[in-house]
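Reading through the C-alpha cells given below for one structure.
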Amino acid sequence: MKSSAGHFFEDFTLGRVFTHAGPLMVSSGDVSLYRALGGGRHALFTSDQFADIATGYAATIDPLLVFHVVFGQTVEDISLNAVANLGYAEGQFSRPVRKGDTLRAVSEVIGHKENSSGKTGIVYVRTTGLNQRDEEVLSYVRWVMVKKRDEGGLAPEPTLPALRAVVDMGKTGMFARTYKGWNNQLAGSQYRFEDYEIGEKIDHLNGVTVEEAEHQIATRLYQNTAKVHFNAHDQAASRFGRRLIYGGVVISIARGLSINGLGNAGEILAINAGTHAGPLFAGETVYAWSQVLDKAELSETAGALRLRLVAVKDRSCEDFPLRGDDGYWAAIPRVSV
Amino acid sequence: MKSSAGHFFEDFTLGRVFTHAGPLMVSSGDVSLYRALGGGRHALFTSDQFADIATGYAATIDPLLVFHVVFGQTVEDISLNAVANLGYAEGQFSRPVRKGDTLRAVSEVIGHKENSSGKTGIVYVRTTGLNQRDEEVLSYVRWVMVKKRDEGGLAPEPTLPALRAVVDMGKTGMFARTYKGWNNQLAGSQYRFEDYEIGEKIDHLNGVTVEEAEHQIATRLYQNTAKVHFNAHDQAASRFGRRLIYGGVVISIARGLSINGLGNAGEILAINAGTHAGPLFAGETVYAWSQVLDKAELSETAGALRLRLVAVKDRSCEDFPLRGDDGYWAAIPRVSV
Amino acid sequence: MKSSAGHFFEDFTLGRVFTHAGPLMVSSGDVSLYRALGGGRHALFTSDQFADIATGYAATIDPLLVFHVVFGQTVEDISLNAVANLGYAEGQFSRPVRKGDTLRAVSEVIGHKENSSGKTGIVYVRTTGLNQRDEEVLSYVRWVMVKKRDEGGLAPEPTLPALRAVVDMGKTGMFARTYKGWNNQLAGSQYRFEDYEIGEKIDHLNGVTVEEAEHQIATRLYQNTAKVHFNAHDQAASRFGRRLIYGGVVISIARGLSINGLGNAGEILAINAGTHAGPLFAGETVYAWSQVLDKAELSETAGALRLRLVAVKDRSCEDFPLRGDDGYWAAIPRVSV
C-alpha cells in the first residue's frame, strides 16, 4: 500500500533524520488567516510601517505562526500516531521570517524510552525550521508518546536528552531590532520593560470560545494533518471520542488574549518550555493569564521578559489557576527609549 | 493590573482624543477573507483589470472593508463596555484605500448624555481613519450606550452634536473615477443610473445563514475584540446570554446580497445613517432589500444612488419589511457612457 | 424587478453564450484559504521554490482551485435553479494560472433535453475559463438538471453533445514543465510514474469531517452563490431540507486526502469525467480512495496517471467502495529523472 499510516515507536531510531514534506511559502494570506483565526494582532506583525519605525525592521512573520508552520510539517512523520503531545523545550527563533520566505522542516531523533506498559514509548526529536536559503529560522525539541507497532517487541536502550530549562538568549537571533521608535499608543500598551516586576501576575480578562470550523481551518493552514483534529467519525481517531483541538491553536489564542496587559511584548525570542496540560474541545472557552518569571536587559533600548502564559478553559483567571509550567522570552522596549 | 477592562461613561470627556492601537496593512489576504466570509464581490474590488478598464483606477479596497478595519481598531477604547451600538452618521470615504495601505484610527468625543437611569450614558465620537501618509480615508460619527463606572456619580452637562441626515457628496473623495469603460456583463447587472427610480424597491431574494465560526473569524479579521462577539461562557459578556454577531458582519452580508439587483453600484461614497435595529445570532438567516431614496448626477459618466439597505432575519423580503432607517450613497455608471 | 431569480430550462437555447459576471484576480489570499479550507497542499503549489527547482516553472495555482473559481462564476447564469448538478466531462487545463492572473468565464449551451416529467430538463454547457489576456486556461462540459419556467410549454428538439470519455492529452497545455529536479522527500512520496500499476487501488486512510462554516466559506471564496449551499431557513432552497455542500468542496477534500499515496501527482492535466454520486452535509466525514485506470508517458522526465478518485462518507475505504465513475489525468515525475 502506497499510503502511509505513520511511524511507530520502533521507527524512531536514535539519530534518524526526517526531511519533512510540505515546504510552504508564507504569504500575506497566511498572515491574514492567522490573525482572523484567533492568533496574534501585535502591531509589529500587522503593520510593516509600525515595525519599520519602531525597530528599523519590517515585514516579519509572527514567531508563533512560524512555529506552527514548521511544526505542521513534522506531523506526518513524527506524530501521526501520537497518543499525546507531551512537551516542548529549547525553542529558539534564530532568524526573522518575512512574507515570501519558504519554510521547510527537518527533525532528528535525540531520545527514546519505552513506557512500562510495553505498548507505547516516548520519542524526543529536535526539529529545525529552515528558510529557502537553508538558514535555520527556528529550532526546538519536542517529545511525544507514540504507539509501538509490535507490543511484544524488544525495546531500545532508553536515551534521554539533557534539556536546558531556559533558553540562553545569546543563541536567539532577532535582536537586530533597536526598539528605538516604539509607539505605545499604536501598540496598545503604556507599559515597558521597567514597568514589569518579577513575580507579577496579569489576568488577560477576556475569553474566546472556539468552534470546530475555526480550529480545523487553522490546523490545515499549518499543514498539520493529524486525524485526531479532523475526524469525528472514526472513534479510533481520538482517545477522547471527539476531535481534539491542536495545542498550537490554544497557544495562539492565549497569546492573542495576552495583548491585554502585554501589548508591547510582541516579539517572542524563545520558547523555554511548553506543556499541553489538558485537552480543549470545540464549544469551550479559553481564558489566559501571564506571570513575569524573569527579566533581562538586551540593549539600551530593549529588554526581555521571561513569561509564563497559562491558558485555562471555561473559568476566569482572576485567581490565577496554575496548569503546566510554560514559558517564553519576549522582547519589549525599554522606558529609556 | 496592567490589563484593561475598557473605558466607562465618565472617561469620555468632551473633546478627548483617542489614538487607537492596531495599525493594519490591508493585504490581499484580507480581501480574500472578506469575500469568503460573506462580504462583497463587486467586480470593482475582485478584479484590478476590471476596475482599471471601467474607471481608470484599480486595486482599491471595498469601502465597507475599510469601514470595518477602522471601526475594529476603535473597539478597545470606545465600546468594550458598550451596552448597545446605537447608530452611525456622516460617514464619508475621503480617499481610496489600496492593497498595501496601512490604516489606523483616531476618535474624538463630540457628545455625551447620561441616561435617566443613572446607570448608563450615550457617547458620540467622530472617528477618522488615516492611511500611512496620515491622510484621511474615512470619517464617521457613531454613538454607543456605555455603562457608568460609578452609578451615583455626577453626570456631565449633556452635549449632543448636530448631525446631518445626508452626507454632502462634495465632501466625499472617490470621484476621480470616470466610469467610462464600464462592462455590464462582467459587473453582473444591466441596470445603470437612469434605470433606477426614486422610491423603487428591490428584493434581493436570497438568504444567508450565519455560523458562529464565520462571524468570529470576520470580526477578528477586523481586529474587533468586543467580548460580546466571542465569549459564550461568561454570561456577563452578552446581555442576550449568547454571542451577538457584530453588526458590521450583517451589513456586509446584506450588501453582498444586494449585488442581485444593484450589481453596478459597487462603490460606496458615503454612509448617511446606520442603525442596528435588532440582534443577529448564529444559525439565523439574513435576507435584504433596498430602496432608492434619492439620485444625484455626478458627472457625464457617473451618477449616485442614495439607497436604504434593510436586512431582516428568518423571513423573506417580498413585502419589504422596514427595520431602522439606514442609507448610503453609491456611485453607478450612467447609460450615456 | 431588477434582481434575478436565475434562468430556467427555456432560457438555454442551443448556441446561446453567457458572459459570466465576477472576474477574479486570484491572489495569495485565495491560495492560503484554499489550503486552509480543505484543499490541496501539494508542494508544487505551496512552494514556488519547490516548483521552480522541480519543474523550472513556479507560482502557478492548483488546477482544482482554477476549476472552482471558473465554475463559481457560472452559477448565477447556469445553475441557480439547478435541481441537480449531474456531471462533468472533457475538462482540460490549457494554460497555467499564476497568482495575480484574473479569471473570467464564458459558457455556451451545447445541448438540451426535456425530461419525461415535463417539469425539468437537462442542459449541457461548455464553459471556458479565460485569463486577463483572453487566453483559455480551462475548458469543460457540464450538465445540470434545471426547472422549466412553464411546465406545459413546448420542449425544444433534444440535442445531446458527443462527449469523449477520456481527454486527449495532446490538448492539455501544462507540459512545459520538465519534472527534472523533483524532490520526493519534499513532495512527501517515494513513488513515481513507474511505481504505479494499472488497476492498482490506494486507500487514502484518513477522514475529514466538514462543518457548515467551512463549506460556506469555501463556496463563497469561489463566488458560487447557489442558495442550496447557504440558506438553512428557506425550505425551498434545498430539496434535502438542509444546506447541501458544494460538490467542488468534496472533490477538493478528497484530492487533499489523496496526497497520502499520490503525493507526487500534484498537477492535474485533465478531468475526464466527474459525477456527484450523492449529497454531503455538514457533520459528515469524507474518506477517499484512488485507482490507477491508465498510464501514459509524456516525456523523458514525466508521465501521467489516469486516476479514479472516489469519495465516500462516514465509512472507511478499506474495501474500495465504488460510487460514480470519475477520473482525471495527473502528471507525475518518472523514476528515470
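Residue numbers start at 1 in each chain; chains themselves are named A, B, ... in the order of the C-alpha cells; ligands are numbered from 1 in the order shown.
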Write out chain B, as a CSV table (one decimal) with C-alpha atoms, in the first residue's frame, after superposing it onto chain C by least squares using every C-alpha atom paired in order.
chain,number,residue,atom,x,y,z
B,1,MET,CA,-37.9,43.7,-10.5
B,2,LYS,CA,-34.2,44.2,-11.1
B,3,SER,CA,-33.0,41.2,-9.1
B,4,SER,CA,-32.8,37.9,-10.9
B,5,ALA,CA,-34.2,34.6,-9.8
B,6,GLY,CA,-31.9,32.8,-12.3
B,7,HIS,CA,-32.5,31.2,-15.7
B,8,PHE,CA,-34.9,28.3,-16.5
B,9,PHE,CA,-34.8,25.4,-18.9
B,10,GLU,CA,-36.4,27.5,-21.7
B,11,ASP,CA,-33.7,30.1,-21.5
B,12,PHE,CA,-31.0,27.7,-22.5
B,13,THR,CA,-31.4,27.9,-26.3
B,14,LEU,CA,-28.9,26.0,-28.3
B,15,GLY,CA,-25.8,28.1,-29.1
B,16,ARG,CA,-26.6,30.8,-26.5
B,17,VAL,CA,-23.5,32.3,-25.0
B,18,PHE,CA,-23.3,33.6,-21.4
B,19,THR,CA,-20.5,36.0,-20.5
B,20,HIS,CA,-20.5,35.5,-16.8
B,21,ALA,CA,-20.0,38.2,-14.2
B,22,GLY,CA,-17.4,38.3,-11.4
B,23,PRO,CA,-13.9,38.4,-12.9
B,24,LEU,CA,-11.5,37.5,-10.1
B,25,MET,CA,-7.8,38.2,-9.6
B,26,VAL,CA,-6.5,35.1,-7.9
B,27,SER,CA,-4.3,36.1,-5.0
B,28,SER,CA,-2.1,34.6,-2.4
B,29,GLY,CA,-5.1,35.1,-0.1
B,30,ASP,CA,-7.2,32.8,-2.2
B,31,VAL,CA,-4.3,30.3,-2.2
B,32,SER,CA,-4.0,30.3,1.6
B,33,LEU,CA,-7.7,30.0,2.1
B,34,TYR,CA,-7.9,27.1,-0.4
B,35,ARG,CA,-5.3,25.2,1.6
B,36,ALA,CA,-6.8,26.0,5.0
B,37,LEU,CA,-10.4,25.1,3.9
B,38,GLY,CA,-9.5,21.6,3.0
B,39,GLY,CA,-8.0,21.8,-0.5
B,40,GLY,CA,-4.6,20.7,-1.7
B,41,ARG,CA,-1.2,21.1,-0.2
B,42,HIS,CA,0.8,19.6,-3.0
B,43,ALA,CA,4.3,21.1,-2.8
B,44,LEU,CA,4.0,22.3,-6.4
B,45,PHE,CA,1.5,24.8,-5.2
B,46,THR,CA,2.7,25.6,-1.7
B,47,SER,CA,6.3,26.5,-2.6
B,48,ASP,CA,7.3,28.5,-5.6
B,49,GLN,CA,10.9,27.4,-4.8
B,50,PHE,CA,10.0,23.8,-4.9
B,51,ALA,CA,8.1,24.2,-8.2
B,52,ASP,CA,10.9,26.2,-9.8
B,53,ILE,CA,13.5,23.6,-8.9
B,54,ALA,CA,11.3,20.7,-9.7
B,55,THR,CA,9.9,21.8,-13.0
B,56,GLY,CA,11.5,25.1,-14.0
B,57,TYR,CA,8.2,26.7,-13.6
B,58,ALA,CA,6.8,28.4,-10.5
B,59,ALA,CA,3.9,30.3,-8.9
B,60,THR,CA,1.1,28.5,-10.5
B,61,ILE,CA,-2.3,28.0,-8.9
B,62,ASP,CA,-3.6,24.5,-8.1
B,63,PRO,CA,-5.8,23.5,-11.1
B,64,LEU,CA,-8.7,22.5,-8.9
B,65,LEU,CA,-8.8,26.0,-7.4
B,66,VAL,CA,-8.8,27.3,-11.0
B,67,PHE,CA,-11.7,25.0,-11.7
B,68,HIS,CA,-13.7,26.2,-8.7
B,69,VAL,CA,-13.1,29.8,-9.5
B,70,VAL,CA,-14.3,29.4,-13.1
B,71,PHE,CA,-17.2,27.2,-12.1
B,72,GLY,CA,-18.3,29.7,-9.4
B,73,GLN,CA,-18.7,32.5,-11.9
B,74,THR,CA,-21.1,30.3,-14.0
B,75,VAL,CA,-23.6,29.6,-11.2
B,76,GLU,CA,-25.7,32.8,-11.4
B,77,ASP,CA,-26.4,32.1,-15.1
B,78,ILE,CA,-26.4,28.4,-15.3
B,79,SER,CA,-27.3,26.6,-12.1
B,80,LEU,CA,-29.2,29.0,-9.8
B,81,ASN,CA,-32.3,26.9,-10.4
B,82,ALA,CA,-30.5,23.6,-10.9
B,83,VAL,CA,-32.3,20.6,-9.4
B,84,ALA,CA,-29.1,18.7,-9.6
B,85,ASN,CA,-25.6,19.1,-10.9
B,86,LEU,CA,-25.2,15.9,-12.9
B,87,GLY,CA,-21.7,15.6,-14.3
B,88,TYR,CA,-18.6,16.9,-16.0
B,89,ALA,CA,-16.5,15.9,-19.0
B,90,GLU,CA,-13.8,17.0,-21.3
B,91,GLY,CA,-12.1,19.2,-18.7
B,92,GLN,CA,-8.8,20.4,-20.0
B,93,PHE,CA,-6.3,22.8,-18.3
B,94,SER,CA,-4.9,24.6,-21.3
B,95,ARG,CA,-2.6,27.1,-19.6
B,96,PRO,CA,-1.1,27.6,-16.2
B,97,VAL,CA,-2.7,30.2,-13.9
B,98,ARG,CA,-0.3,32.3,-11.8
B,99,LYS,CA,-1.0,34.3,-8.7
B,100,GLY,CA,-2.1,37.7,-9.9
B,101,ASP,CA,-3.9,36.4,-13.0
B,102,THR,CA,-7.5,37.4,-13.4
B,103,LEU,CA,-10.0,34.7,-14.4
B,104,ARG,CA,-13.4,35.1,-16.1
B,105,ALA,CA,-15.8,32.6,-17.6
B,106,VAL,CA,-17.9,32.2,-20.7
B,107,SER,CA,-20.4,29.3,-21.3
B,108,GLU,CA,-22.1,28.1,-24.4
B,109,VAL,CA,-25.2,25.9,-24.5
B,110,ILE,CA,-24.3,22.8,-26.5
B,111,GLY,CA,-27.2,20.5,-25.7
B,112,HIS,CA,-30.6,20.3,-24.0
B,113,LYS,CA,-33.3,17.7,-23.5
B,114,GLU,CA,-36.6,17.9,-21.6
B,115,ASN,CA,-37.2,15.2,-19.1
B,116,SER,CA,-40.3,13.0,-19.4
B,117,SER,CA,-41.9,14.6,-16.4
B,118,GLY,CA,-42.2,17.9,-18.4
B,119,LYS,CA,-41.2,19.8,-15.3
B,120,THR,CA,-37.4,19.8,-15.8
B,121,GLY,CA,-34.8,19.4,-18.4
B,122,ILE,CA,-31.1,18.7,-18.8
B,123,VAL,CA,-28.8,21.4,-20.1
B,124,TYR,CA,-25.3,20.9,-21.4
B,125,VAL,CA,-22.9,23.8,-21.4
B,126,ARG,CA,-19.2,24.1,-22.4
B,127,THR,CA,-17.5,26.6,-20.1
B,128,THR,CA,-14.3,28.3,-20.9
B,129,GLY,CA,-12.1,30.0,-18.3
B,130,LEU,CA,-10.1,32.9,-19.7
B,131,ASN,CA,-7.2,34.9,-18.2
B,132,GLN,CA,-6.7,38.7,-18.4
B,133,ARG,CA,-5.2,38.3,-21.9
B,134,ASP,CA,-8.3,36.4,-23.0
B,135,GLU,CA,-6.3,33.2,-23.3
B,136,GLU,CA,-8.1,30.0,-22.5
B,137,VAL,CA,-6.9,28.4,-19.2
B,138,LEU,CA,-9.6,25.8,-18.8
B,139,SER,CA,-12.4,24.2,-20.8
B,140,TYR,CA,-15.0,21.7,-19.6
B,141,VAL,CA,-18.5,20.5,-20.3
B,142,ARG,CA,-21.1,20.1,-17.5
B,143,TRP,CA,-24.7,19.1,-17.5
B,144,VAL,CA,-27.3,20.1,-15.0
B,145,MET,CA,-31.0,19.4,-14.4
B,146,VAL,CA,-32.9,22.7,-14.5
B,147,LYS,CA,-36.5,23.5,-13.8
B,148,LYS,CA,-38.8,24.6,-16.6
B,149,ARG,CA,-40.4,28.0,-16.2
B,150,ASP,CA,-43.6,26.8,-17.8
B,151,GLU,CA,-44.4,23.2,-17.2
B,152,GLY,CA,-46.9,22.9,-20.0
B,153,GLY,CA,-44.7,24.8,-22.5
B,154,LEU,CA,-43.3,23.3,-25.7
B,155,ALA,CA,-40.0,21.5,-25.5
B,156,PRO,CA,-37.1,22.1,-27.9
B,157,GLU,CA,-35.8,19.3,-30.1
B,158,PRO,CA,-33.5,17.2,-27.9
B,159,THR,CA,-29.8,17.7,-28.7
B,160,LEU,CA,-27.1,15.8,-26.9
B,161,PRO,CA,-23.4,16.6,-27.4
B,162,ALA,CA,-21.0,13.9,-28.3
B,163,LEU,CA,-18.5,13.8,-25.4
B,164,ARG,CA,-15.2,12.0,-25.3
B,165,ALA,CA,-14.8,9.6,-22.3
B,166,VAL,CA,-11.2,10.5,-21.9
B,167,VAL,CA,-9.5,13.7,-22.7
B,168,ASP,CA,-6.8,13.6,-25.4
B,169,MET,CA,-3.7,14.7,-23.6
B,170,GLY,CA,-2.3,16.4,-26.6
B,171,LYS,CA,-4.9,19.1,-26.0
B,172,THR,CA,-3.8,19.9,-22.5
B,173,GLY,CA,-1.2,22.6,-22.1
B,174,MET,CA,0.9,22.3,-19.0
B,175,PHE,CA,3.7,20.1,-20.2
B,176,ALA,CA,6.3,22.8,-20.4
B,177,ARG,CA,7.4,21.5,-17.1
B,178,THR,CA,10.4,19.2,-17.2
B,179,TYR,CA,10.0,17.4,-13.8
B,180,LYS,CA,13.8,17.2,-13.9
B,181,GLY,CA,14.6,18.4,-10.4
B,182,TRP,CA,11.8,16.7,-8.5
B,183,ASN,CA,12.4,16.0,-4.8
B,184,ASN,CA,10.5,13.0,-3.4
B,185,GLN,CA,11.1,14.0,0.3
B,186,LEU,CA,9.7,17.5,0.0
B,187,ALA,CA,6.8,16.3,-2.1
B,188,GLY,CA,6.0,13.6,0.5
B,189,SER,CA,6.1,10.5,-1.6
B,190,GLN,CA,8.7,8.0,-2.7
B,191,TYR,CA,6.5,6.7,-5.6
B,192,ARG,CA,7.0,7.8,-9.2
B,193,PHE,CA,5.3,7.0,-12.5
B,194,GLU,CA,6.9,3.6,-12.9
B,195,ASP,CA,5.9,2.5,-9.4
B,196,TYR,CA,2.1,2.6,-10.2
B,197,GLU,CA,0.4,-0.2,-12.0
B,198,ILE,CA,-2.8,-0.1,-14.0
B,199,GLY,CA,-5.7,-1.3,-11.8
B,200,GLU,CA,-3.9,-0.6,-8.5
B,201,LYS,CA,-6.1,0.8,-5.7
B,202,ILE,CA,-4.9,3.1,-2.9
B,203,ASP,CA,-6.9,3.7,0.3
B,204,HIS,CA,-6.0,7.3,1.4
B,205,LEU,CA,-6.9,6.2,5.0
B,206,ASN,CA,-7.8,9.5,6.7
B,207,GLY,CA,-11.2,11.1,7.0
B,208,VAL,CA,-12.2,14.7,7.3
B,209,THR,CA,-15.4,16.0,9.0
B,210,VAL,CA,-16.9,19.0,7.3
B,211,GLU,CA,-18.5,21.9,9.1
B,212,GLU,CA,-21.2,24.3,7.8
B,213,ALA,CA,-18.8,27.3,8.2
B,214,GLU,CA,-16.1,25.6,6.3
B,215,HIS,CA,-18.1,24.7,3.2
B,216,GLN,CA,-19.8,28.1,3.2
B,217,ILE,CA,-16.6,30.0,3.4
B,218,ALA,CA,-15.0,27.9,0.6
B,219,THR,CA,-18.0,28.2,-1.6
B,220,ARG,CA,-18.1,32.0,-1.2
B,221,LEU,CA,-14.3,32.1,-1.9
B,222,TYR,CA,-15.2,30.7,-5.4
B,223,GLN,CA,-18.1,33.3,-5.7
B,224,ASN,CA,-20.5,30.4,-6.0
B,225,THR,CA,-23.8,31.9,-4.8
B,226,ALA,CA,-26.3,29.0,-5.2
B,227,LYS,CA,-28.7,29.3,-2.4
B,228,VAL,CA,-28.8,25.5,-1.8
B,229,HIS,CA,-25.4,25.9,-0.1
B,230,PHE,CA,-26.2,28.9,2.1
B,231,ASN,CA,-29.8,29.1,3.1
B,232,ALA,CA,-31.0,27.0,6.0
B,233,HIS,CA,-34.2,28.9,6.6
B,234,ASP,CA,-35.9,28.7,3.2
B,235,GLN,CA,-37.1,25.1,2.9
B,236,ALA,CA,-37.4,25.6,-0.9
B,237,ALA,CA,-33.7,26.4,-1.1
B,238,SER,CA,-32.7,22.7,-1.0
B,239,ARG,CA,-34.6,19.6,-1.9
B,240,PHE,CA,-32.9,18.0,1.2
B,241,GLY,CA,-34.4,20.5,3.6
B,242,ARG,CA,-30.9,21.5,4.7
B,243,ARG,CA,-27.8,23.1,3.2
B,244,LEU,CA,-26.1,20.9,0.6
B,245,ILE,CA,-22.3,21.1,0.4
B,246,TYR,CA,-21.0,22.3,-2.9
B,247,GLY,CA,-19.6,19.2,-4.8
B,248,GLY,CA,-16.4,21.1,-5.5
B,249,VAL,CA,-15.7,21.2,-1.8
B,250,VAL,CA,-15.9,17.4,-1.7
B,251,ILE,CA,-13.7,17.0,-4.7
B,252,SER,CA,-11.0,19.2,-3.1
B,253,ILE,CA,-11.2,17.4,0.2
B,254,ALA,CA,-10.8,14.0,-1.5
B,255,ARG,CA,-8.0,15.3,-3.6
B,256,GLY,CA,-6.3,16.7,-0.4
B,257,LEU,CA,-6.6,13.3,1.2
B,258,SER,CA,-5.1,11.6,-1.9
B,259,ILE,CA,-1.7,13.2,-1.1
B,260,ASN,CA,-1.3,10.2,1.2
B,261,GLY,CA,-0.3,7.7,-1.6
B,262,LEU,CA,-0.2,10.1,-4.6
B,263,GLY,CA,2.0,12.9,-3.2
B,264,ASN,CA,3.9,13.2,-6.5
B,265,ALA,CA,0.9,13.5,-8.7
B,266,GLY,CA,0.2,17.2,-8.0
B,267,GLU,CA,-0.5,18.6,-11.4
B,268,ILE,CA,-4.0,17.8,-12.8
B,269,LEU,CA,-3.9,17.9,-16.5
B,270,ALA,CA,-7.5,17.0,-17.4
B,271,ILE,CA,-10.8,16.0,-15.8
B,272,ASN,CA,-12.1,13.1,-17.9
B,273,ALA,CA,-15.4,12.6,-16.0
B,274,GLY,CA,-17.0,13.7,-12.8
B,275,THR,CA,-20.2,12.7,-11.1
B,276,HIS,CA,-21.7,13.8,-7.8
B,277,ALA,CA,-23.0,10.4,-6.8
B,278,GLY,CA,-24.6,11.6,-3.5
B,279,PRO,CA,-25.1,14.6,-1.3
B,280,LEU,CA,-22.7,15.6,1.6
B,281,PHE,CA,-24.0,17.5,4.6
B,282,ALA,CA,-22.2,19.3,7.4
B,283,GLY,CA,-21.1,16.9,10.2
B,284,GLU,CA,-20.4,14.1,7.8
B,285,THR,CA,-16.9,12.7,7.3
B,286,VAL,CA,-15.3,12.3,3.9
B,287,TYR,CA,-12.9,9.4,3.1
B,288,ALA,CA,-11.4,8.7,-0.3
B,289,TRP,CA,-9.5,6.1,-2.4
B,290,SER,CA,-8.0,6.2,-5.8
B,291,GLN,CA,-7.5,3.7,-8.6
B,292,VAL,CA,-5.0,3.9,-11.4
B,293,LEU,CA,-7.0,3.5,-14.6
B,294,ASP,CA,-4.4,4.1,-17.2
B,295,LYS,CA,-0.8,5.4,-17.7
B,296,ALA,CA,0.8,7.5,-20.4
B,297,GLU,CA,4.4,8.6,-21.0
B,298,LEU,CA,4.7,12.3,-21.5
B,299,SER,CA,8.4,12.8,-21.9
B,300,GLU,CA,11.8,11.6,-20.7
B,301,THR,CA,11.1,13.0,-17.2
B,302,ALA,CA,7.3,12.9,-16.8
B,303,GLY,CA,4.4,10.5,-17.1
B,304,ALA,CA,0.7,10.8,-16.5
B,305,LEU,CA,-1.6,8.6,-14.5
B,306,ARG,CA,-5.3,8.4,-15.3
B,307,LEU,CA,-6.9,8.2,-11.9
B,308,ARG,CA,-10.3,7.5,-10.5
B,309,LEU,CA,-10.8,9.3,-7.2
B,310,VAL,CA,-13.8,8.1,-5.2
B,311,ALA,CA,-15.1,10.0,-2.1
B,312,VAL,CA,-17.5,8.3,0.3
B,313,LYS,CA,-18.9,9.5,3.6
B,314,ASP,CA,-19.0,8.1,7.1
B,315,ARG,CA,-17.2,4.9,6.3
B,316,SER,CA,-13.6,3.9,5.6
B,317,CYS,CA,-12.4,2.9,2.1
B,318,GLU,CA,-10.5,-0.3,3.0
B,319,ASP,CA,-12.9,-2.3,0.8
B,320,PHE,CA,-12.7,0.3,-2.0
B,321,PRO,CA,-16.5,1.1,-2.3
B,322,LEU,CA,-17.4,2.3,-5.7
B,323,ARG,CA,-19.6,5.4,-6.2
B,324,GLY,CA,-19.8,7.1,-9.6
B,325,ASP,CA,-17.1,6.7,-12.2
B,326,ASP,CA,-14.8,9.8,-12.1
B,327,GLY,CA,-11.4,10.3,-13.4
B,328,TYR,CA,-8.6,12.7,-14.1
B,329,TRP,CA,-5.2,12.8,-15.6
B,330,ALA,CA,-2.3,13.9,-13.3
B,331,ALA,CA,1.3,14.4,-14.3
B,332,ILE,CA,4.0,12.7,-12.2
B,333,PRO,CA,7.8,12.5,-12.4
B,334,ARG,CA,9.4,9.4,-13.8
B,335,VAL,CA,12.0,7.3,-11.9
B,336,SER,CA,14.5,7.9,-14.7
B,337,VAL,CA,14.8,11.5,-13.6
Inset, instruction - Report the residues of stretch 151-334 of chain B whose backbone DSSP state falls under alpha helix (DSSP H), written as a list of chain:residue names. - result: B:Asn184, B:Gln185, B:Leu186, B:Ala187, B:Glu212, B:Ala213, B:Glu214, B:His215, B:Gln216, B:Ile217, B:Ala218, B:Thr219, B:Arg220, B:Leu221, B:Gly247, B:Gly248, B:Val249, B:Val250, B:Ile251, B:Ser252, B:Ile253, B:Ala254, B:Arg255, B:Gly256, B:Leu257, B:Ile259, B:Asn260, B:Gly261, B:Leu262
Inset, instruction - From a DSSP calculation on the backbone, collect every residue of stretch 74-122 of chain C in strand (DSSP E or B) and output the set as a list in words. - result: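 Filtering stretch 74-122 of chain C down to strand (DSSP E or B) leaves Ala82, Val83, Ala84, Asn85, Leu86, Gly87, Tyr88, Ala89, Glu90, Gly91, Gln92, Phe93, Arg98, Thr102, Leu103, Arg104, Ala105, Val106, Ser107, Glu108, Val109, Ile110, Gly111, His112, Lys113, Glu114, Thr120, Gly121 and Ile122 of chain C.
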